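**Student:** Pasting upload.txt here (compact mmCIF, C-alpha atoms):
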# COMPACT_ATOMS: atom_id res chain seq x y z
CA MET J 1174 77.93 120.42 183.52
CA MET J 1175 76.61 122.14 180.39
CA ARG J 1176 77.33 119.03 178.38
CA TRP J 1177 75.21 116.88 180.70
CA LEU J 1178 72.42 119.43 180.55
CA PHE J 1179 72.49 119.29 176.76
CA PHE J 1180 72.15 115.51 176.74
CA VAL J 1181 69.26 115.68 179.20
CA LEU J 1182 67.43 118.22 177.02
CA LEU J 1183 68.08 116.09 173.93
CA PHE J 1184 66.69 113.02 175.70
CA PHE J 1185 63.49 114.85 176.69
CA CYS J 1186 63.10 116.23 173.16
CA GLN J 1187 63.38 112.76 171.69
CA LEU J 1188 60.93 111.48 174.27
CA ALA J 1189 58.53 114.27 173.34
CA TRP J 1190 58.84 113.44 169.62
CA ALA J 1191 58.31 109.77 170.30
CA ASN J 1192 55.20 110.51 172.35
CA LEU J 1193 53.51 112.87 169.91
CA PRO J 1194 49.73 112.59 170.27
CA VAL J 1195 49.04 110.61 167.09
CA LYS J 1196 45.29 110.32 166.52
CA VAL J 1197 43.97 107.37 164.47
CA SER J 1198 40.34 107.21 163.30
CA MET J 1199 38.84 104.10 161.74
CA ARG J 1200 35.87 101.75 162.07
CA ASP J 1201 36.99 98.64 163.95
CA SER J 1202 34.28 96.10 163.08
CA GLY J 1203 32.08 94.78 160.27
CA TYR J 1204 34.81 93.78 157.84
CA THR J 1205 34.96 90.63 155.72
CA LEU J 1206 36.69 89.30 152.60
CA GLY J 1207 37.24 91.97 149.92
CA ASP J 1208 36.21 94.97 152.04
CA THR J 1209 38.14 98.24 152.08
CA LEU J 1210 39.22 99.80 155.36
CA HIS J 1211 39.68 103.59 155.63
CA MET J 1212 42.07 104.88 158.28
CA ARG J 1213 42.86 108.54 159.06
CA VAL J 1214 46.00 109.50 160.99
CA GLU J 1215 46.43 113.03 162.41
CA VAL J 1216 49.92 114.08 163.56
CA PRO J 1217 50.58 117.58 165.04
CA LEU J 1218 53.83 118.82 163.44
CA PRO J 1219 53.96 122.59 163.96
CA ASN J 1220 57.67 122.98 163.18
CA ALA J 1221 58.48 119.99 161.02
CA GLN J 1222 57.47 118.19 157.85
CA ILE J 1223 57.07 114.52 157.06
CA ASP J 1224 59.73 112.86 154.91
CA MET J 1225 57.65 111.64 151.95
CA GLU J 1226 60.14 108.88 151.22
CA SER J 1227 59.49 107.33 154.61
CA LEU J 1228 55.81 106.77 153.88
CA PRO J 1229 54.71 103.19 153.05
CA LEU J 1230 54.40 102.35 149.37
CA GLU J 1231 51.07 101.53 147.82
CA GLY J 1232 50.65 97.85 147.02
CA ARG J 1233 50.95 94.59 148.87
CA ALA J 1234 51.56 94.96 152.59
CA ALA J 1235 50.89 91.33 153.57
CA SER J 1236 49.50 88.16 152.06
CA TRP J 1237 46.04 89.23 153.18
CA LEU J 1238 46.36 93.03 152.94
CA ASP J 1239 46.96 95.67 150.24
CA LEU J 1240 47.49 99.41 150.65
CA GLN J 1241 45.36 100.86 147.89
CA THR J 1242 45.84 104.62 148.40
CA LEU J 1243 47.78 106.97 150.65
CA LYS J 1244 47.06 110.71 150.66
CA VAL J 1245 48.88 113.39 152.68
CA SER J 1246 47.34 116.79 153.48
CA GLU J 1247 47.66 119.69 155.94
CA GLN J 1248 44.63 120.61 158.03
CA HIS J 1249 44.58 123.14 160.90
CA GLY J 1250 48.29 122.81 161.60
CA LYS J 1251 48.19 119.04 161.55
CA THR J 1252 49.52 116.57 159.01
CA VAL J 1253 46.74 114.19 157.96
CA LEU J 1254 47.34 110.79 156.38
CA ASP J 1255 44.38 109.07 154.69
CA LEU J 1256 45.07 105.38 154.08
CA THR J 1257 42.79 102.91 152.30
CA TRP J 1258 43.47 99.22 152.85
CA GLN J 1259 41.83 96.27 151.10
CA LEU J 1260 41.40 92.96 152.87
CA PHE J 1261 42.05 89.56 151.29
CA GLY J 1262 41.86 86.04 152.68
CA THR J 1263 39.24 84.76 155.05
CA VAL J 1264 38.93 83.37 158.55
CA GLU J 1265 36.94 80.50 160.04
CA PHE J 1266 35.37 82.65 162.75
CA THR J 1267 35.23 86.33 163.71
CA GLN J 1268 38.47 87.42 165.35
CA PRO J 1269 40.52 90.55 166.04
CA ILE J 1270 43.31 91.30 163.57
CA LYS J 1271 45.89 94.07 163.63
CA LEU J 1272 47.03 96.30 160.83
CA PRO J 1273 50.83 96.64 160.54
CA GLU J 1274 52.60 99.31 162.57
CA ILE J 1275 53.86 102.24 160.51
CA ALA J 1276 56.99 104.29 161.22
CA ILE J 1277 57.43 107.64 159.48
CA LYS J 1278 60.18 110.22 159.71
CA THR J 1279 60.47 113.97 159.63
CA VAL J 1280 62.92 116.14 157.72
CA GLY J 1281 65.15 118.84 159.19
CA LYS J 1282 68.26 119.16 161.32
CA ASN J 1283 67.03 116.67 163.91
CA PRO J 1284 64.90 114.10 162.04
CA GLN J 1285 62.63 112.13 164.27
CA THR J 1286 60.70 108.88 163.90
CA ILE J 1287 56.96 108.86 164.56
CA GLN J 1288 55.30 105.53 165.30
CA ILE J 1289 51.72 104.91 164.16
CA PRO J 1290 50.62 102.03 166.38
CA ALA J 1291 49.04 98.89 164.96
CA GLN J 1292 45.27 99.21 164.90
CA THR J 1293 43.01 96.32 165.84
CA PHE J 1294 39.77 95.55 163.99
CA TYR J 1295 37.38 92.62 163.94
CA TYR J 1296 37.40 90.42 160.85
CA SER J 1297 34.27 88.34 160.14
CA ALA J 1298 34.13 84.94 158.43
CA VAL J 1299 32.42 84.61 155.06
CA LEU J 1300 30.97 81.16 155.78
CA PRO J 1301 30.04 79.53 159.09
CA ARG J 1302 32.75 77.45 160.65
CA THR J 1303 30.87 74.18 160.16
CA ILE J 1304 28.25 73.23 157.61
CA GLU J 1305 26.02 70.32 158.59
CA ASN J 1306 24.32 67.86 156.25
CA GLU J 1307 26.01 69.29 153.21
CA GLN J 1308 28.28 67.36 150.88
CA PRO J 1309 30.65 69.13 148.55
CA ARG J 1310 29.89 68.78 144.89
CA PRO J 1311 32.18 66.45 142.93
CA ASN J 1312 34.83 67.96 140.76
CA LEU J 1313 33.76 68.80 137.25
CA PRO J 1314 34.98 66.36 134.60
CA PRO J 1315 37.70 67.63 132.27
CA LEU J 1316 36.44 69.71 129.39
CA HIS J 1317 36.37 67.82 126.09
CA LEU J 1318 36.46 70.11 123.09
CA ASP J 1319 34.75 69.08 119.88
CA GLU J 1320 37.57 68.82 117.36
CA VAL J 1321 35.72 66.93 114.62
CA THR J 1322 33.12 69.59 113.79
CA PRO J 1323 35.58 72.52 113.37
CA LYS J 1324 37.86 70.34 111.21
CA THR J 1325 34.92 69.23 109.08
CA TRP J 1326 33.76 72.79 108.51
CA ALA J 1327 37.33 73.90 107.81
CA ILE J 1328 37.70 71.21 105.13
CA ILE J 1329 34.31 72.10 103.60
CA PHE J 1330 35.09 75.83 103.44
CA ALA J 1331 38.59 75.13 102.09
CA ALA J 1332 37.10 72.93 99.36
CA LEU J 1333 34.52 75.59 98.50
CA ALA J 1334 37.24 78.25 98.35
CA LEU J 1335 39.37 76.04 96.08
CA LEU J 1336 36.40 75.27 93.84
CA THR J 1337 35.49 78.96 93.64
CA GLY J 1338 39.07 79.88 92.77
CA LEU J 1339 39.30 77.21 90.07
CA THR J 1340 35.95 78.28 88.62
CA TRP J 1341 37.04 81.92 88.52
CA ALA J 1342 40.37 80.96 86.90
CA TRP J 1343 38.45 78.88 84.34
CA VAL J 1344 36.10 81.77 83.54
CA LEU J 1345 39.14 84.04 83.05
CA ASP J 1346 40.67 81.34 80.81
CA LYS J 1347 43.68 80.93 83.10
CA LEU J 1348 43.72 77.13 82.93
CA PRO J 1349 45.58 75.94 79.82
CA ILE J 1350 44.49 72.33 80.37
CA LEU J 1351 40.82 73.35 80.70
CA PRO J 1352 40.07 76.33 78.40
CA PHE J 1353 36.92 78.39 78.80
CA GLN J 1354 34.51 78.12 75.82
CA PRO J 1355 37.10 76.34 73.62
CA GLY J 1356 36.98 76.78 69.89
CA PRO J 1357 37.05 73.92 67.35
CA LEU J 1358 40.82 73.92 66.94
CA THR J 1359 41.34 73.93 70.72
CA ARG J 1360 38.97 70.99 71.17
CA LEU J 1361 40.70 69.08 68.37
CA SER J 1362 44.14 69.80 69.83
CA ARG J 1363 43.06 68.37 73.15
CA GLN J 1364 41.72 65.23 71.46
CA PHE J 1365 44.79 64.63 69.30
CA LYS J 1366 47.25 62.60 71.38
CA LEU J 1367 49.14 60.73 68.64
CA GLU J 1368 52.79 59.82 68.30
CA ASN J 1369 54.97 61.50 65.69
CA ALA J 1370 55.58 58.20 63.87
CA GLN J 1371 51.88 57.56 63.29
CA VAL J 1372 50.07 58.44 60.12
CA LEU J 1373 46.68 60.08 60.24
CA SER J 1374 43.79 57.82 59.30
CA GLN J 1375 40.97 58.86 57.03
CA GLN J 1376 38.71 59.50 60.04
CA GLU J 1377 41.33 61.69 61.71
CA LEU J 1378 41.80 63.68 58.48
CA GLN J 1379 38.06 64.30 58.42
CA GLN J 1380 38.21 65.54 62.01
CA VAL J 1381 40.86 68.09 61.09
CA HIS J 1382 38.84 69.24 58.05
CA HIS J 1383 35.71 69.52 60.21
CA ALA J 1384 37.56 71.69 62.76
CA LEU J 1385 38.83 73.98 59.98
CA ASN J 1386 35.29 74.23 58.56
CA LEU J 1387 33.95 75.27 61.98
CA ALA J 1388 36.74 77.86 62.36
CA ALA J 1389 35.87 79.30 58.91
CA GLY J 1390 32.10 79.10 59.51
CA GLN J 1391 31.55 77.25 56.23
CA SER J 1392 32.64 74.16 54.30
CA LEU J 1393 36.09 74.69 52.82
CA TYR J 1394 37.32 73.67 49.37
CA PRO J 1395 40.66 74.29 47.68
CA GLN J 1396 39.28 77.34 45.90
CA THR J 1397 37.62 78.76 49.07
CA LEU J 1398 40.40 78.04 51.58
CA GLY J 1399 41.22 81.74 51.71
CA LYS J 1400 37.92 82.35 53.56
CA LEU J 1401 39.44 80.56 56.56
CA PHE J 1402 42.13 83.21 57.03
CA GLU J 1403 39.64 86.03 56.47
CA THR J 1404 37.27 84.68 59.11
CA ALA J 1405 40.08 83.60 61.45
CA PRO J 1406 42.94 86.08 60.89
CA TYR J 1407 44.76 84.69 63.93
CA LEU J 1408 45.68 81.70 61.70
CA GLN J 1409 47.71 83.84 59.29
CA SER J 1410 50.98 82.73 60.88
CA GLU J 1411 50.09 79.08 60.15
CA GLN J 1412 48.76 79.72 56.65
CA VAL J 1413 51.57 77.83 54.83
CA LYS J 1414 51.27 74.75 57.05
CA ILE J 1415 47.48 74.68 56.79
CA ARG J 1416 47.53 75.07 52.96
CA ASP J 1417 50.07 72.24 52.62
CA PHE J 1418 47.99 69.98 54.85
CA PHE J 1419 44.76 70.87 53.03
CA ALA J 1420 46.25 70.19 49.60
CA ALA J 1421 47.76 66.86 50.68
CA SER J 1422 44.65 65.63 52.46
CA TRP J 1423 42.32 66.75 49.63
CA GLN J 1424 44.36 64.87 47.00
CA GLY J 1425 44.44 61.75 49.16
CA THR J 1426 40.70 61.87 49.73
CA TYR J 1427 39.22 63.01 46.41
CA SER J 1428 41.94 62.61 43.74
CA GLY J 1429 42.95 59.07 44.55
CA ILE J 1430 46.56 60.10 45.10
CA THR J 1431 47.85 58.46 48.29
CA ARG J 1432 49.64 60.94 50.57
CA ASN J 1433 50.81 59.88 54.01
CA ILE J 1434 50.38 62.73 56.50
CA SER J 1435 52.18 62.24 59.81
CA ALA J 1436 50.37 63.01 63.01
CA GLY J 1437 53.43 64.81 64.37
CA SER J 1438 53.46 67.45 61.63
CA VAL J 1439 49.73 68.14 62.10
CA GLN J 1440 50.02 68.31 65.86
CA ASP J 1441 52.88 70.79 65.51
CA TRP J 1442 50.88 73.50 63.72
CA LEU J 1443 47.59 72.51 65.40
CA LYS J 1444 48.93 73.33 68.89
CA ARG J 1445 50.06 76.77 67.78
CA ALA J 1446 46.78 77.38 65.94
CA ALA J 1447 44.78 76.33 69.04
CA LEU J 1448 46.78 78.72 71.23
CA ALA J 1449 46.23 81.57 68.75
CA GLU J 1450 42.52 80.72 68.67
CA ARG J 1451 42.29 80.86 72.47
CA MET J 1452 44.08 84.20 72.64
CA ALA J 1453 41.82 85.67 69.96
CA ARG J 1454 38.62 84.45 71.64
CA LYS J 1455 39.85 85.74 74.98
CA THR J 1456 40.63 89.17 73.52
CA LYS J 1457 37.22 89.27 71.83
CA ARG J 1458 35.52 88.59 75.20
For this file, produce the structure as structure tokens.

**Tutor:**
Amino acid sequence: MMRWLFFVLLFFCQLAWANLPVKVSMRDSGYTLGDTLHMRVEVPLPNAQIDMESLPLEGRAASWLDLQTLKVSEQHGKTVLDLTWQLFGTVEFTQPIKLPEIAIKTVGKNPQTIQIPAQTFYYSAVLPRTIENEQPRPNLPPLHLDEVTPKTWAIIFAALALLTGLTWAWVLDKLPILPFQPGPLTRLSRQFKLENAQVLSQQELQQVHHALNLAAGQSLYPQTLGKLFETAPYLQSEQVKIRDFFAASWQGTYSGITRNISAGSVQDWLKRAALAERMARKTKR
């Protein structure tokens, strides 16, 4: 008998829990696409607490509905839930729509489930159901990007950058094939492109003498050749070669003694002399 009485009391307790006077407050009309809907739920729980893990998670609740925020508080012996929903999607005409039903649980020895019934509200259309005498605009044509102009400007700026870099390298004398402010020996070395088997002509001998005169800053003779190495000390390392050339070319020109001077031997010391001249002029700058 006692056992049956216990089950009867348990049944009535569960029935009482299931029929707790849940109070829901919310505006039920005037909503349209993108609106937020605020709902307050008041549950009297004098001797129990809500299981926080049973509450719905914030985020997507349906394809047309998101739960933005959910706050729980205690007010005057009641548990208060403040829910903020945001509405997505649209309808063709105003119609009633229901929010989802929510089931929450309590914690304790005899946990119970509390049902928050689905709430109905009226959802309004954004546009009228039919639009008369209006034609939809045609689809926009595909976007065509101008590729020629950016490429043209890119080529122009790349060319300017290359030209600027080459000019700067030339000013710093970093281009061996195009020296900056070349001296007479450097200019002559660039002009002399003869084969080793060739013999220098009288005109070519005069060109070499003229370059040596410019390097010395005066006309050179056998007795004044030493002035060249005083004025251009960077030619000291080639002094023997230059003296031999000067003596041979002077005899062939003014003494009537024929001396064949190969272009290869002159080019050999002339290249080294031109390099020494460039280094000296660069250091002096």

**Student:** Of the candidates J:Pro1357, J:Ser1422, J:Ile1434, J:Leu1313, which shows the shortest atom-to-atom distance to Arg1454 in chain J, using only C-alpha atoms?

**Tutor:**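 Of J:Pro1357, J:Ser1422, J:Ile1434, J:Leu1313, the one nearest Arg1454 in chain J, counting only C-alpha atoms, is J:Pro1357.
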
**Student:** Show me, as a list in words, the residues that have an atom within 10 Å of Val1214 in chain J when counting all atoms listed in the file, minus same-chain residues fewer than 5 positions from it.

**Tutor:**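 Result of the neighbour search: Val1195, Lys1196, Val1197, Ser1198, Met1199, Val1245, Lys1251, Thr1252, Val1253, Leu1254, Asp1255, Leu1256 and Ile1289 of chain J.
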
**Student:** Give me a file of those residues, with C-alpha atoms, as a PDB file, in the coordinates of the input.

**Tutor:**
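Final output, result_7.pdb:
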ATOM      1  CA  VAL J1195      49.040 110.610 167.090  1.00  0.00           C
ATOM      2  CA  LYS J1196      45.290 110.320 166.520  1.00  0.00           C
ATOM      3  CA  VAL J1197      43.970 107.370 164.470  1.00  0.00           C
ATOM      4  CA  SER J1198      40.340 107.210 163.300  1.00  0.00           C
ATOM      5  CA  MET J1199      38.840 104.100 161.740  1.00  0.00           C
ATOM      6  CA  VAL J1245      48.880 113.390 152.680  1.00  0.00           C
ATOM      7  CA  LYS J1251      48.190 119.040 161.550  1.00  0.00           C
ATOM      8  CA  THR J1252      49.520 116.570 159.010  1.00  0.00           C
ATOM      9  CA  VAL J1253      46.740 114.190 157.960  1.00  0.00           C
ATOM     10  CA  LEU J1254      47.340 110.790 156.380  1.00  0.00           C
ATOM     11  CA  ASP J1255      44.380 109.070 154.690  1.00  0.00           C
ATOM     12  CA  LEU J1256      45.070 105.380 154.080  1.00  0.00           C
ATOM     13  CA  ILE J1289      51.720 104.910 164.160  1.00  0.00           C
TER      14      ILE J1289
END

**Student:** Which one of J:Leu1210, J:Ile1277, J:Gly1390, J:Glu1247 sits closest to Pro1229 in chain J if you count all atoms listed in the file?

**Tutor:**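 The answer is J:Ile1277, which sits nearest to Pro1229 in chain J.
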
**Student:** I'd like the interatomic distance between CA of Pro1217 in chain J and CA of Gly1232 in chain J, to a tenth of an Å.

**Tutor:**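 Computing it gives 26.7 Å between the two atoms.
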
**Student:** From the list J:Gln1396, J:Arg1451, J:Leu1218, J:Val1439, which residue is nearest His1249 in chain J when using all atoms listed in the file?

**Tutor:** J:Leu1218

**Student:** Could you jot down the CA of Arg1363 in chain J to CA of Ala1453 in chain J separation for me, Å, one decimal place?

**Tutor:**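 For CA of Arg1363 in chain J relative to CA of Ala1453 in chain J, the distance reads 17.6 Å.
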
**Student:** Measuring between all atoms listed in the file, which one of J:Gln1288, J:Thr1293, J:Thr1359, J:Thr1340 shows the shortest distance to Pro1194 in chain J?

**Tutor:**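 With all atoms listed in the file as the atom set, the closest residue is J:Gln1288.
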
**Student:** Counting all atoms listed in the file, which of J:Gln1354, J:Ser1246, J:Thr1456, J:Ser1392 gets nearest to Gln1379 in chain J?

**Tutor:** J:Ser1392

**Student:** In Å, with one decimal, what is the gap from CA of Ala1405 in chain J to CA of Ala1446 in chain J?

**Tutor:**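 So the two atoms, CA of Ala1405 in chain J and CA of Ala1446 in chain J, lie 10.2 Å apart.
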
**Student:** In terms of the shortest atom-to-atom distance over only C-alpha atoms, which of J:Thr1267, J:Thr1205, J:Thr1257, J:Gln1375 is closest to Glu1231 in chain J?

**Tutor:** J:Thr1257

**Student:** Identify, on the basis of all atoms listed in the file, every residue whose closest approach to Glu1411 in chain J does not exceed 10 Å; exclude the query and any residue fewer than 4 positions from it along the same chain; express the result as a list of chain:residue names.

**Tutor:**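 So the residues in contact are J:Phe1402, J:Tyr1407, J:Ile1415, J:Arg1416, J:Trp1442, J:Leu1443, J:Arg1445, J:Ala1446, J:Ala1449.
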
**Student:** Could you please give me, as a VMD selection string, the residues of protein, DNA or RNA lying at most 10 Å from (42.9, 93.0, 151.6) in the coordinate frame of the file, considering only C-alpha atoms?

**Tutor:** chain J and resid 1205 to 1210 1233 to 1241 1257 to 1263

**Student:** Let me see the file: selected residues, C-alpha atoms, as a short mmCIF file (atom, residue, chain, number, x, y, z; two decimals), keeping the file's coordinate frame.

**Tutor:**
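What landed in again12.cif:
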data_model
loop_
_atom_site.label_atom_id
_atom_site.label_comp_id
_atom_site.auth_asym_id
_atom_site.auth_seq_id
_atom_site.Cartn_x
_atom_site.Cartn_y
_atom_site.Cartn_z
CA THR J 1205 34.96 90.63 155.72
CA LEU J 1206 36.69 89.30 152.60
CA GLY J 1207 37.24 91.97 149.92
CA ASP J 1208 36.21 94.97 152.04
CA THR J 1209 38.14 98.24 152.08
CA LEU J 1210 39.22 99.80 155.36
CA ARG J 1233 50.95 94.59 148.87
CA ALA J 1234 51.56 94.96 152.59
CA ALA J 1235 50.89 91.33 153.57
CA SER J 1236 49.50 88.16 152.06
CA TRP J 1237 46.04 89.23 153.18
CA LEU J 1238 46.36 93.03 152.94
CA ASP J 1239 46.96 95.67 150.24
CA LEU J 1240 47.49 99.41 150.65
CA GLN J 1241 45.36 100.86 147.89
CA THR J 1257 42.79 102.91 152.30
CA TRP J 1258 43.47 99.22 152.85
CA GLN J 1259 41.83 96.27 151.10
CA LEU J 1260 41.40 92.96 152.87
CA PHE J 1261 42.05 89.56 151.29
CA GLY J 1262 41.86 86.04 152.68
CA THR J 1263 39.24 84.76 155.05
#

**Student:** May I have the residues within 8 Å of Leu1272 in chain J as a list in words, using all atoms listed in the file and disregarding those fewer than 6 positions away in the same chain?

**Tutor:** Ala1291, Gln1292, Thr1293 and Phe1294 of chain J

**Student:** Would you fill out range 1197-1207 of chain J with all heavy atoms and return it as a CSV table (one decimal), keeping the file's coordinate frame?

**Tutor:**
chain,number,residue,atom,x,y,z
J,1197,VAL,N,44.4,108.3,165.5
J,1197,VAL,CA,44.0,107.4,164.5
J,1197,VAL,C,42.5,107.2,164.5
J,1197,VAL,O,41.9,106.9,165.6
J,1197,VAL,CB,44.7,106.0,164.6
J,1197,VAL,CG1,44.2,105.1,163.5
J,1197,VAL,CG2,46.2,106.2,164.6
J,1198,SER,N,41.8,107.4,163.4
J,1198,SER,CA,40.3,107.2,163.3
J,1198,SER,C,40.0,106.1,162.3
J,1198,SER,O,40.5,106.2,161.1
J,1198,SER,CB,39.7,108.5,162.9
J,1198,SER,OG,40.0,109.5,163.8
J,1199,MET,N,39.3,105.2,162.7
J,1199,MET,CA,38.8,104.1,161.7
J,1199,MET,C,37.7,103.3,162.4
J,1199,MET,O,37.6,103.2,163.6
J,1199,MET,CB,40.0,103.2,161.4
J,1199,MET,CG,40.7,102.5,162.5
J,1199,MET,SD,41.9,101.2,162.0
J,1199,MET,CE,40.7,99.9,161.7
J,1200,ARG,N,36.9,102.7,161.6
J,1200,ARG,CA,35.9,101.8,162.1
J,1200,ARG,C,36.6,100.4,162.4
J,1200,ARG,O,37.3,99.9,161.5
J,1200,ARG,CB,34.8,101.6,161.0
J,1200,ARG,CG,33.7,100.6,161.4
J,1200,ARG,CD,32.5,100.8,160.5
J,1200,ARG,NE,32.8,100.6,159.1
J,1200,ARG,CZ,32.9,99.4,158.5
J,1200,ARG,NH1,32.5,98.3,159.2
J,1200,ARG,NH2,33.2,99.3,157.2
J,1201,ASP,N,36.3,99.8,163.5
J,1201,ASP,CA,37.0,98.6,164.0
J,1201,ASP,C,36.2,97.3,163.9
J,1201,ASP,O,36.6,96.3,164.4
J,1201,ASP,CB,37.5,98.8,165.4
J,1201,ASP,CG,36.3,99.0,166.4
J,1201,ASP,OD1,35.2,99.1,165.9
J,1201,ASP,OD2,36.6,99.1,167.6
J,1202,SER,N,35.1,97.3,163.2
J,1202,SER,CA,34.3,96.1,163.1
J,1202,SER,C,33.5,96.1,161.8
J,1202,SER,O,33.3,97.2,161.2
J,1202,SER,CB,33.3,95.9,164.3
J,1202,SER,OG,32.4,97.0,164.4
J,1203,GLY,N,32.9,94.9,161.4
J,1203,GLY,CA,32.1,94.8,160.3
J,1203,GLY,C,32.8,94.5,159.0
J,1203,GLY,O,32.3,94.9,157.9
J,1204,TYR,N,34.0,94.0,159.0
J,1204,TYR,CA,34.8,93.8,157.8
J,1204,TYR,C,34.8,92.3,157.5
J,1204,TYR,O,34.8,91.4,158.4
J,1204,TYR,CB,36.3,94.3,158.0
J,1204,TYR,CG,36.4,95.7,158.3
J,1204,TYR,CD1,36.6,96.3,159.6
J,1204,TYR,CD2,36.2,96.6,157.2
J,1204,TYR,CE1,36.7,97.6,159.8
J,1204,TYR,CE2,36.3,98.0,157.4
J,1204,TYR,CZ,36.6,98.5,158.7
J,1204,TYR,OH,36.6,99.8,158.9
J,1205,THR,N,34.9,92.0,156.2
J,1205,THR,CA,35.0,90.6,155.7
J,1205,THR,C,35.8,90.6,154.4
J,1205,THR,O,36.3,91.7,154.0
J,1205,THR,CB,33.6,90.0,155.5
J,1205,THR,OG1,33.7,88.6,155.2
J,1205,THR,CG2,32.8,90.7,154.4
J,1206,LEU,N,35.8,89.5,153.8
J,1206,LEU,CA,36.7,89.3,152.6
J,1206,LEU,C,36.4,90.3,151.5
J,1206,LEU,O,35.2,90.5,151.1
J,1206,LEU,CB,36.5,87.9,152.1
J,1206,LEU,CG,37.2,87.5,150.7
J,1206,LEU,CD1,38.7,87.6,150.9
J,1206,LEU,CD2,36.8,86.2,150.2
J,1207,GLY,N,37.4,91.0,151.0
J,1207,GLY,CA,37.2,92.0,149.9
J,1207,GLY,C,36.9,93.4,150.3
J,1207,GLY,O,36.8,94.3,149.5
